[in-house]
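Asker: Here you go, one structure.
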Amino acid sequence: MAECEAKSEVTGSVWKIVTEVGQKVDAGDTIMIIESMKMEIPVIAEEGGTIKAFLVKEETPVTEGQVVAVLES
Amino acid sequence: MARSFNKVIVANRGAVAARVLRALSEMGIRSVAVYSDADRHAPWLEWSSEAHHIGPAPARESYLNQDTLLAVLKQTGADGIHPGYGFLAENAAFAKRVTDTGAVFIGPSPRWIEDMGHKTRARELAKEYGLPVGAGTDVLPAEHAAIVAAARKIGFPLIVKPAGGGGGIGMLIARDEAQLLAAVDKAASLAQRSFANGDVYLERLVEQPRHVELQIVADNFGNCTHLFERDCSVQRRHQKVIEEAPGPNISRASIGAISADIASKLGSAGYNNIGTVEMLMDADGAFSFLEMNTRLQVEHGVTEEVTGIDIVKTQVRLAADEKLADVLPTTPKIEGHAIEARVYAEDPRRFFPSPGKLDVFRPPAAAGVRIETGYREGLEVTPHYDPLLAKVIVKRATRDKAIDDLIEALGAFEVRGVKSNIPALVTILGSDAFRAGAVHTGLIGELIK
């Protein structure tokens, strides 16, 4: 099983986590949504897999490039 | 009998607060600015008659805090509140609370704000008023068979949209039946988790649409007219970047007829104050209703430039029970062409926000270039608010000349300390497609990769 990381592309805070640990996602699906400057920027699954862990909670501040979730594919 | 305002609160920040405060000052109306911790040193505070601190930087603890704003209303003895755009501008409950105190909410009546705030209800109303509405459904039922039947009725491709959402979240395209149920499930789940409302509906997808909107102006007595259209097709992340008036490559006869018709229908329905009817225009030039914004629009400036009408002052006078015929004594006309570019603090290629300190912030000072901003050099652009640094508006006799001069103005705009989208704006304005007026909502995606 390969692991892959999902990163926030922007500095802001976690607005909503829209998936659950154990959930299967397809490439292109939204895992969570980061809010910055009144914009909602989705964290997108680069490839399909199962969500293994979240490294942040809702309202956690995040920085650009920070790993926010780990997926297993 | 028209009234006149004694003192008006501007319940907003940034460029729109600056714009409204300027209008109030020119009208001789005393003004109250409000500010959060983050905006203590904002330049627009100096343009108000008095300024009140309303809380910490996060908007829900300051600019969205209704109780605090109502306390300021009471404390200052103001008799009106201008909500600007964003924050509480389309919050019917807030408008009602303001009205209940006896003060005037400078905008349409709360029932209009409420009706137009819910997307499928707004579509129903638009249909009822005889506005052109594209094929779409009501909120979808849960049964798969019923969803498929509803989709077949309007045809593919279609788009699944959250009924209570915004910002493009949970909007998914289904090109055929095989994609439909998965798209509906995903959109509903996203909408539920994002907006605590999993209601979604379907609309026929218009490919490469243009976004054309109509400026509505109405008094409190059933009189309604329009100030022509704006084209706002150039967008990224469902947010407008470049707007212009009039819209290029639109038949004047066709847009004139539909505009007059919509204004007359909204007048009969009792719409009041100002508003904007947003429409999609397809490749054949047919219009369909998208939504109605019951407030001042960010891009109102381009309409002001080509009509010579100050929309903010108009809005204030109409809210004071003045008659449309007194506020606009002559038939509005378009002269020249105006284009606005929104300068955002964001990466110019991927359009991600870029907060930081404005080490250098020097808008162009050339004659005939209008700048609307709430910032000045040395201020911090915080992650708490939207990334708009400034609007740069140019009006010239022709569209070509307006494009040339706007490109020149943007080239002279110095911003350092945060990333800005200026390079992207120049690329778009300088493109053959934009020059030809071949704009559509996917244009930025084609030009900037």
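Letters A, B, ... mark the chains of the structure tokens in the order given; residue numbers begin at 1 per chain; ligand numbers begin at 1, in order shown.
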Please provide the set of residues having any atom within 7 Å of region 67-69 of chain A, restricted to only C-alpha atoms, with same-chain residues fewer than 2 positions apart removed, written as a VMD selection string.
Answerer: chain A and resid 5 to 8 53 to 56 65 71
Asker: Mind dumping the selected residues with N, CA and C atoms as a CSV table (one decimal), in the first residue's frame?
Answerer:
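Output (result04.csv):
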```
chain,number,residue,atom,x,y,z
A,5,GLU,N,0.4,12.1,0.5
A,5,GLU,CA,0.0,13.2,1.4
A,5,GLU,C,-0.8,14.2,0.6
A,6,ALA,N,-1.8,14.8,1.3
A,6,ALA,CA,-2.6,15.9,0.8
A,6,ALA,C,-2.1,17.2,1.5
A,7,LYS,N,-1.8,18.2,0.6
A,7,LYS,CA,-1.3,19.4,1.2
A,7,LYS,C,-2.2,20.6,0.9
A,8,SER,N,-2.1,21.6,1.8
A,8,SER,CA,-2.8,22.8,1.6
A,8,SER,C,-2.0,23.7,0.7
A,53,ALA,N,-5.6,9.4,7.7
A,53,ALA,CA,-5.6,10.2,8.9
A,53,ALA,C,-5.7,11.7,8.5
A,54,PHE,N,-6.3,12.5,9.3
A,54,PHE,CA,-6.2,13.9,9.2
A,54,PHE,C,-5.2,14.5,10.2
A,55,LEU,N,-4.4,15.4,9.7
A,55,LEU,CA,-3.3,16.0,10.6
A,55,LEU,C,-3.8,17.3,11.2
A,56,VAL,N,-5.0,17.8,10.8
A,56,VAL,CA,-5.5,19.0,11.3
A,56,VAL,C,-7.0,18.9,11.7
A,65,GLY,N,1.6,24.6,1.7
A,65,GLY,CA,2.5,23.4,1.6
A,65,GLY,C,2.4,22.4,2.8
A,71,LEU,N,-3.3,9.8,2.8
A,71,LEU,CA,-4.2,8.8,2.1
A,71,LEU,C,-3.4,7.5,1.8
```
Asker: Select all residues from chain A having any atom no more than 9 Å from an atom of chain B (counting only C-alpha atoms, ignoring ligands), output as a PDB file with all heavy atoms, in the first residue's frame.
Answerer:
```pdb
ATOM      1  N   GLU A   9      -2.668  24.260  -0.316  1.00  0.00           N
ATOM      2  CA  GLU A   9      -1.924  25.083  -1.277  1.00  0.00           C
ATOM      3  C   GLU A   9      -1.858  26.537  -0.834  1.00  0.00           C
ATOM      4  O   GLU A   9      -1.327  27.385  -1.542  1.00  0.00           O
ATOM      5  CB  GLU A   9      -2.602  25.006  -2.649  1.00  0.00           C
ATOM      6  CG  GLU A   9      -2.637  23.580  -3.166  1.00  0.00           C
ATOM      7  CD  GLU A   9      -3.014  23.515  -4.624  1.00  0.00           C
ATOM      8  OE1 GLU A   9      -2.139  23.766  -5.454  1.00  0.00           O
ATOM      9  OE2 GLU A   9      -4.181  23.228  -4.924  1.00  0.00           O
ATOM     10  N   VAL A  10      -2.424  26.817   0.343  1.00  0.00           N
ATOM     11  CA  VAL A  10      -2.572  28.210   0.712  1.00  0.00           C
ATOM     12  C   VAL A  10      -2.488  28.370   2.230  1.00  0.00           C
ATOM     13  O   VAL A  10      -2.781  27.438   2.971  1.00  0.00           O
ATOM     14  CB  VAL A  10      -3.923  28.736   0.157  1.00  0.00           C
ATOM     15  CG1 VAL A  10      -5.091  27.972   0.737  1.00  0.00           C
ATOM     16  CG2 VAL A  10      -4.085  30.213   0.379  1.00  0.00           C
ATOM     17  N   THR A  11      -2.049  29.536   2.680  1.00  0.00           N
ATOM     18  CA  THR A  11      -2.046  29.850   4.107  1.00  0.00           C
ATOM     19  C   THR A  11      -3.443  30.324   4.512  1.00  0.00           C
ATOM     20  O   THR A  11      -4.026  31.159   3.845  1.00  0.00           O
ATOM     21  CB  THR A  11      -1.015  30.966   4.387  1.00  0.00           C
ATOM     22  OG1 THR A  11       0.275  30.464   4.061  1.00  0.00           O
ATOM     23  CG2 THR A  11      -1.041  31.393   5.845  1.00  0.00           C
ATOM     24  N   GLY A  12      -3.968  29.752   5.573  1.00  0.00           N
ATOM     25  CA  GLY A  12      -5.309  30.135   6.021  1.00  0.00           C
ATOM     26  C   GLY A  12      -5.690  29.284   7.208  1.00  0.00           C
ATOM     27  O   GLY A  12      -4.831  28.965   8.039  1.00  0.00           O
ATOM     28  N   TRP A  15     -11.499  25.263   7.113  1.00  0.00           N
ATOM     29  CA  TRP A  15     -12.901  25.685   7.261  1.00  0.00           C
ATOM     30  C   TRP A  15     -13.776  24.472   7.533  1.00  0.00           C
ATOM     31  O   TRP A  15     -14.399  24.380   8.585  1.00  0.00           O
ATOM     32  CB  TRP A  15     -13.367  26.415   5.995  1.00  0.00           C
ATOM     33  CG  TRP A  15     -14.766  26.933   6.067  1.00  0.00           C
ATOM     34  CD1 TRP A  15     -15.292  27.716   7.057  1.00  0.00           C
ATOM     35  CD2 TRP A  15     -15.824  26.707   5.133  1.00  0.00           C
ATOM     36  NE1 TRP A  15     -16.616  27.990   6.778  1.00  0.00           N
ATOM     37  CE2 TRP A  15     -16.969  27.387   5.614  1.00  0.00           C
ATOM     38  CE3 TRP A  15     -15.922  25.991   3.924  1.00  0.00           C
ATOM     39  CZ2 TRP A  15     -18.192  27.375   4.928  1.00  0.00           C
ATOM     40  CZ3 TRP A  15     -17.133  26.000   3.245  1.00  0.00           C
ATOM     41  CH2 TRP A  15     -18.248  26.673   3.751  1.00  0.00           C
ATOM     42  N   LYS A  16     -13.801  23.509   6.619  1.00  0.00           N
ATOM     43  CA  LYS A  16     -14.613  22.304   6.802  1.00  0.00           C
ATOM     44  C   LYS A  16     -13.834  21.084   6.338  1.00  0.00           C
ATOM     45  O   LYS A  16     -13.207  21.116   5.274  1.00  0.00           O
ATOM     46  CB  LYS A  16     -15.899  22.360   5.965  1.00  0.00           C
ATOM     47  CG  LYS A  16     -16.802  23.526   6.279  1.00  0.00           C
ATOM     48  CD  LYS A  16     -17.641  23.282   7.511  1.00  0.00           C
ATOM     49  CE  LYS A  16     -18.491  24.524   7.771  1.00  0.00           C
ATOM     50  NZ  LYS A  16     -19.171  24.499   9.043  1.00  0.00           N
ATOM     51  N   ILE A  17     -13.894  20.030   7.142  1.00  0.00           N
ATOM     52  CA  ILE A  17     -13.379  18.744   6.688  1.00  0.00           C
ATOM     53  C   ILE A  17     -14.586  17.995   6.129  1.00  0.00           C
ATOM     54  O   ILE A  17     -15.565  17.762   6.845  1.00  0.00           O
ATOM     55  CB  ILE A  17     -12.712  17.974   7.845  1.00  0.00           C
ATOM     56  CG1 ILE A  17     -11.479  18.759   8.330  1.00  0.00           C
ATOM     57  CG2 ILE A  17     -12.327  16.564   7.399  1.00  0.00           C
ATOM     58  CD1 ILE A  17     -10.725  18.129   9.472  1.00  0.00           C
ATOM     59  N   VAL A  18     -14.557  17.686   4.836  1.00  0.00           N
ATOM     60  CA  VAL A  18     -15.770  17.175   4.183  1.00  0.00           C
ATOM     61  C   VAL A  18     -15.690  15.669   3.894  1.00  0.00           C
ATOM     62  O   VAL A  18     -16.511  15.131   3.175  1.00  0.00           O
ATOM     63  CB  VAL A  18     -16.087  17.970   2.888  1.00  0.00           C
ATOM     64  CG1 VAL A  18     -16.379  19.422   3.207  1.00  0.00           C
ATOM     65  CG2 VAL A  18     -14.951  17.880   1.887  1.00  0.00           C
ATOM     66  N   THR A  19     -14.650  15.017   4.451  1.00  0.00           N
ATOM     67  CA  THR A  19     -14.542  13.563   4.303  1.00  0.00           C
ATOM     68  C   THR A  19     -14.293  12.966   5.692  1.00  0.00           C
ATOM     69  O   THR A  19     -14.131  13.704   6.673  1.00  0.00           O
ATOM     70  CB  THR A  19     -13.360  13.205   3.376  1.00  0.00           C
ATOM     71  OG1 THR A  19     -12.227  13.975   3.786  1.00  0.00           O
ATOM     72  CG2 THR A  19     -13.678  13.501   1.929  1.00  0.00           C
ATOM     73  N   ASP A  29     -11.452  14.538  -5.986  1.00  0.00           N
ATOM     74  CA  ASP A  29     -12.450  14.800  -4.942  1.00  0.00           C
ATOM     75  C   ASP A  29     -11.901  15.793  -3.908  1.00  0.00           C
ATOM     76  O   ASP A  29     -10.705  15.843  -3.642  1.00  0.00           O
ATOM     77  CB  ASP A  29     -12.824  13.505  -4.217  1.00  0.00           C
ATOM     78  CG  ASP A  29     -13.825  12.680  -5.016  1.00  0.00           C
ATOM     79  OD1 ASP A  29     -14.199  13.121  -6.117  1.00  0.00           O
ATOM     80  OD2 ASP A  29     -14.219  11.601  -4.539  1.00  0.00           O
ATOM     81  N   THR A  30     -12.813  16.544  -3.301  1.00  0.00           N
ATOM     82  CA  THR A  30     -12.433  17.486  -2.253  1.00  0.00           C
ATOM     83  C   THR A  30     -12.327  16.751  -0.916  1.00  0.00           C
ATOM     84  O   THR A  30     -13.271  16.080  -0.505  1.00  0.00           O
ATOM     85  CB  THR A  30     -13.488  18.601  -2.145  1.00  0.00           C
ATOM     86  OG1 THR A  30     -13.564  19.269  -3.402  1.00  0.00           O
ATOM     87  CG2 THR A  30     -13.138  19.608  -1.063  1.00  0.00           C
ATOM     88  N   ILE A  33     -11.736  21.803   3.060  1.00  0.00           N
ATOM     89  CA  ILE A  33     -11.750  23.129   2.453  1.00  0.00           C
ATOM     90  C   ILE A  33     -11.019  24.099   3.382  1.00  0.00           C
ATOM     91  O   ILE A  33     -11.315  24.176   4.574  1.00  0.00           O
ATOM     92  CB  ILE A  33     -13.203  23.598   2.204  1.00  0.00           C
ATOM     93  CG1 ILE A  33     -13.900  22.621   1.234  1.00  0.00           C
ATOM     94  CG2 ILE A  33     -13.222  25.011   1.634  1.00  0.00           C
ATOM     95  CD1 ILE A  33     -15.400  22.811   1.128  1.00  0.00           C
ATOM     96  N   GLU A  35      -9.982  27.964   4.327  1.00  0.00           N
ATOM     97  CA  GLU A  35     -10.474  29.324   4.117  1.00  0.00           C
ATOM     98  C   GLU A  35      -9.321  30.309   4.264  1.00  0.00           C
ATOM     99  O   GLU A  35      -8.543  30.236   5.208  1.00  0.00           O
ATOM    100  CB  GLU A  35     -11.558  29.661   5.147  1.00  0.00           C
ATOM    101  CG  GLU A  35     -12.148  31.033   4.891  1.00  0.00           C
ATOM    102  CD  GLU A  35     -13.187  31.420   5.929  1.00  0.00           C
ATOM    103  OE1 GLU A  35     -13.054  31.002   7.100  1.00  0.00           O
ATOM    104  OE2 GLU A  35     -14.120  32.132   5.573  1.00  0.00           O
ATOM    105  N   SER A  36      -9.224  31.189   3.293  1.00  0.00           N
ATOM    106  CA  SER A  36      -8.230  32.253   3.377  1.00  0.00           C
ATOM    107  C   SER A  36      -8.773  33.459   2.658  1.00  0.00           C
ATOM    108  O   SER A  36      -9.233  33.357   1.521  1.00  0.00           O
ATOM    109  CB  SER A  36      -6.916  31.805   2.729  1.00  0.00           C
ATOM    110  OG  SER A  36      -5.964  32.843   2.847  1.00  0.00           O
ATOM    111  N   MET A  37      -8.740  34.598   3.283  1.00  0.00           N
ATOM    112  CA  MET A  37      -9.203  35.844   2.681  1.00  0.00           C
ATOM    113  C   MET A  37     -10.599  35.667   2.071  1.00  0.00           C
ATOM    114  O   MET A  37     -10.846  36.058   0.935  1.00  0.00           O
ATOM    115  CB  MET A  37      -8.187  36.337   1.646  1.00  0.00           C
ATOM    116  CG  MET A  37      -6.816  36.475   2.252  1.00  0.00           C
ATOM    117  SD  MET A  37      -5.622  37.172   1.134  1.00  0.00           S
ATOM    118  CE  MET A  37      -5.701  38.880   1.586  1.00  0.00           C
ATOM    119  N   LYS A  38     -11.479  35.089   2.830  1.00  0.00           N
ATOM    120  CA  LYS A  38     -12.873  34.905   2.419  1.00  0.00           C
ATOM    121  C   LYS A  38     -13.019  33.990   1.207  1.00  0.00           C
ATOM    122  O   LYS A  38     -14.082  33.923   0.607  1.00  0.00           O
ATOM    123  CB  LYS A  38     -13.564  36.250   2.131  1.00  0.00           C
ATOM    124  CG  LYS A  38     -13.985  36.977   3.394  1.00  0.00           C
ATOM    125  CD  LYS A  38     -14.678  38.272   3.078  1.00  0.00           C
ATOM    126  CE  LYS A  38     -16.068  38.080   2.502  1.00  0.00           C
ATOM    127  NZ  LYS A  38     -16.586  39.307   1.886  1.00  0.00           N
ATOM    128  N   MET A  39     -11.949  33.316   0.831  1.00  0.00           N
ATOM    129  CA  MET A  39     -12.063  32.373  -0.276  1.00  0.00           C
ATOM    130  C   MET A  39     -11.955  30.966   0.272  1.00  0.00           C
ATOM    131  O   MET A  39     -11.211  30.718   1.218  1.00  0.00           O
ATOM    132  CB  MET A  39     -10.955  32.606  -1.289  1.00  0.00           C
ATOM    133  CG  MET A  39     -11.382  33.538  -2.394  1.00  0.00           C
ATOM    134  SD  MET A  39     -10.164  33.572  -3.673  1.00  0.00           S
ATOM    135  CE  MET A  39      -9.028  34.711  -2.964  1.00  0.00           C
ATOM    136  N   GLU A  40     -12.715  30.083  -0.313  1.00  0.00           N
ATOM    137  CA  GLU A  40     -12.655  28.697   0.103  1.00  0.00           C
ATOM    138  C   GLU A  40     -11.846  27.925  -0.930  1.00  0.00           C
ATOM    139  O   GLU A  40     -12.226  27.847  -2.082  1.00  0.00           O
ATOM    140  CB  GLU A  40     -14.069  28.110   0.229  1.00  0.00           C
ATOM    141  CG  GLU A  40     -14.882  28.725   1.365  1.00  0.00           C
ATOM    142  CD  GLU A  40     -15.641  29.975   0.941  1.00  0.00           C
ATOM    143  OE1 GLU A  40     -15.874  30.138  -0.268  1.00  0.00           O
ATOM    144  OE2 GLU A  40     -15.981  30.789   1.823  1.00  0.00           O
ATOM    145  N   ILE A  41     -10.723  27.398  -0.491  1.00  0.00           N
ATOM    146  CA  ILE A  41      -9.818  26.701  -1.403  1.00  0.00           C
ATOM    147  C   ILE A  41      -9.839  25.217  -1.034  1.00  0.00           C
ATOM    148  O   ILE A  41      -9.432  24.856   0.070  1.00  0.00           O
ATOM    149  CB  ILE A  41      -8.370  27.232  -1.256  1.00  0.00           C
ATOM    150  CG1 ILE A  41      -8.344  28.767  -1.234  1.00  0.00           C
ATOM    151  CG2 ILE A  41      -7.465  26.629  -2.316  1.00  0.00           C
ATOM    152  CD1 ILE A  41      -8.492  29.445  -2.549  1.00  0.00           C
ATOM    153  N   PRO A  42     -10.296  24.354  -1.935  1.00  0.00           N
ATOM    154  CA  PRO A  42     -10.370  22.935  -1.592  1.00  0.00           C
ATOM    155  C   PRO A  42      -8.993  22.272  -1.584  1.00  0.00           C
ATOM    156  O   PRO A  42      -8.099  22.669  -2.339  1.00  0.00           O
ATOM    157  CB  PRO A  42     -11.236  22.344  -2.712  1.00  0.00           C
ATOM    158  CG  PRO A  42     -11.118  23.301  -3.846  1.00  0.00           C
ATOM    159  CD  PRO A  42     -10.826  24.661  -3.265  1.00  0.00           C
TER     160      PRO A  42
END
```
Asker: Skip Ile29 (chain B) itself and residues of its chain fewer than 4 positions away, then list as number ranges by chain all residues within 7 Å of it, counting only C-alpha atoms.
Answerer: B: 5-7, 24-25
Asker: Go through B:Ala51, B:Ala174, B:Leu180, B:Leu358 and flag the residue nearest Gly417 (chain B), using only C-alpha atoms for the distances.
Answerer: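 So, comparing all the options, the nearest one is B:Leu358.
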Asker: If I take CA of Met1 (chain A) and CA of Ser73 (chain A), how far is one from the other in Å, to one decimal?
Answerer: 5.9 Å
Asker: Residues within 9 Å of Gly49 (chain A), please, as a ChimeraX atom specification. Count only C-alpha atoms; anything in the same chain fewer than 3 positions from it doesn't count.
Answerer: /A:3-4,23-27,45,52,71-73
Asker: Could you list, as a PyMOL selection string, every residue within 12 Å of Gln235 (chain B), counting only C-alpha atoms and ignoring same-chain residues fewer than 2 positions away?
Answerer: chain B and resi 167-168+208-211+231-233+237-243+341-342+351+424-425+428+439-448
Asker: Which residues come within 10 Å of Arg97 (chain B), counting only C-alpha atoms, excluding same-chain residues fewer than 6 positions away, as a list in words?
Answerer: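 Non-adjacent residues within range: Gln66, Asp67, Leu70, Ala103, Phe105 and Pro110 of chain B.
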Asker: Considering only strand (DSSP E) as DSSP defines it on the backbone, what residues of region 308-403 of chain B qualify? List them as a PyMOL selection string.
Answerer: chain B and resi 337-344+356-357+360-362+369-373+380-381+388-396
Asker: Could you pull out the residues in region 97-340 of chain B that DSSP calls alpha helix (DSSP H) from the backbone, as a PyMOL selection string?
Answerer: chain B and resi 97-100+110-117+119-128+144-154+177-195+252-269+300-307+311-319+324-327
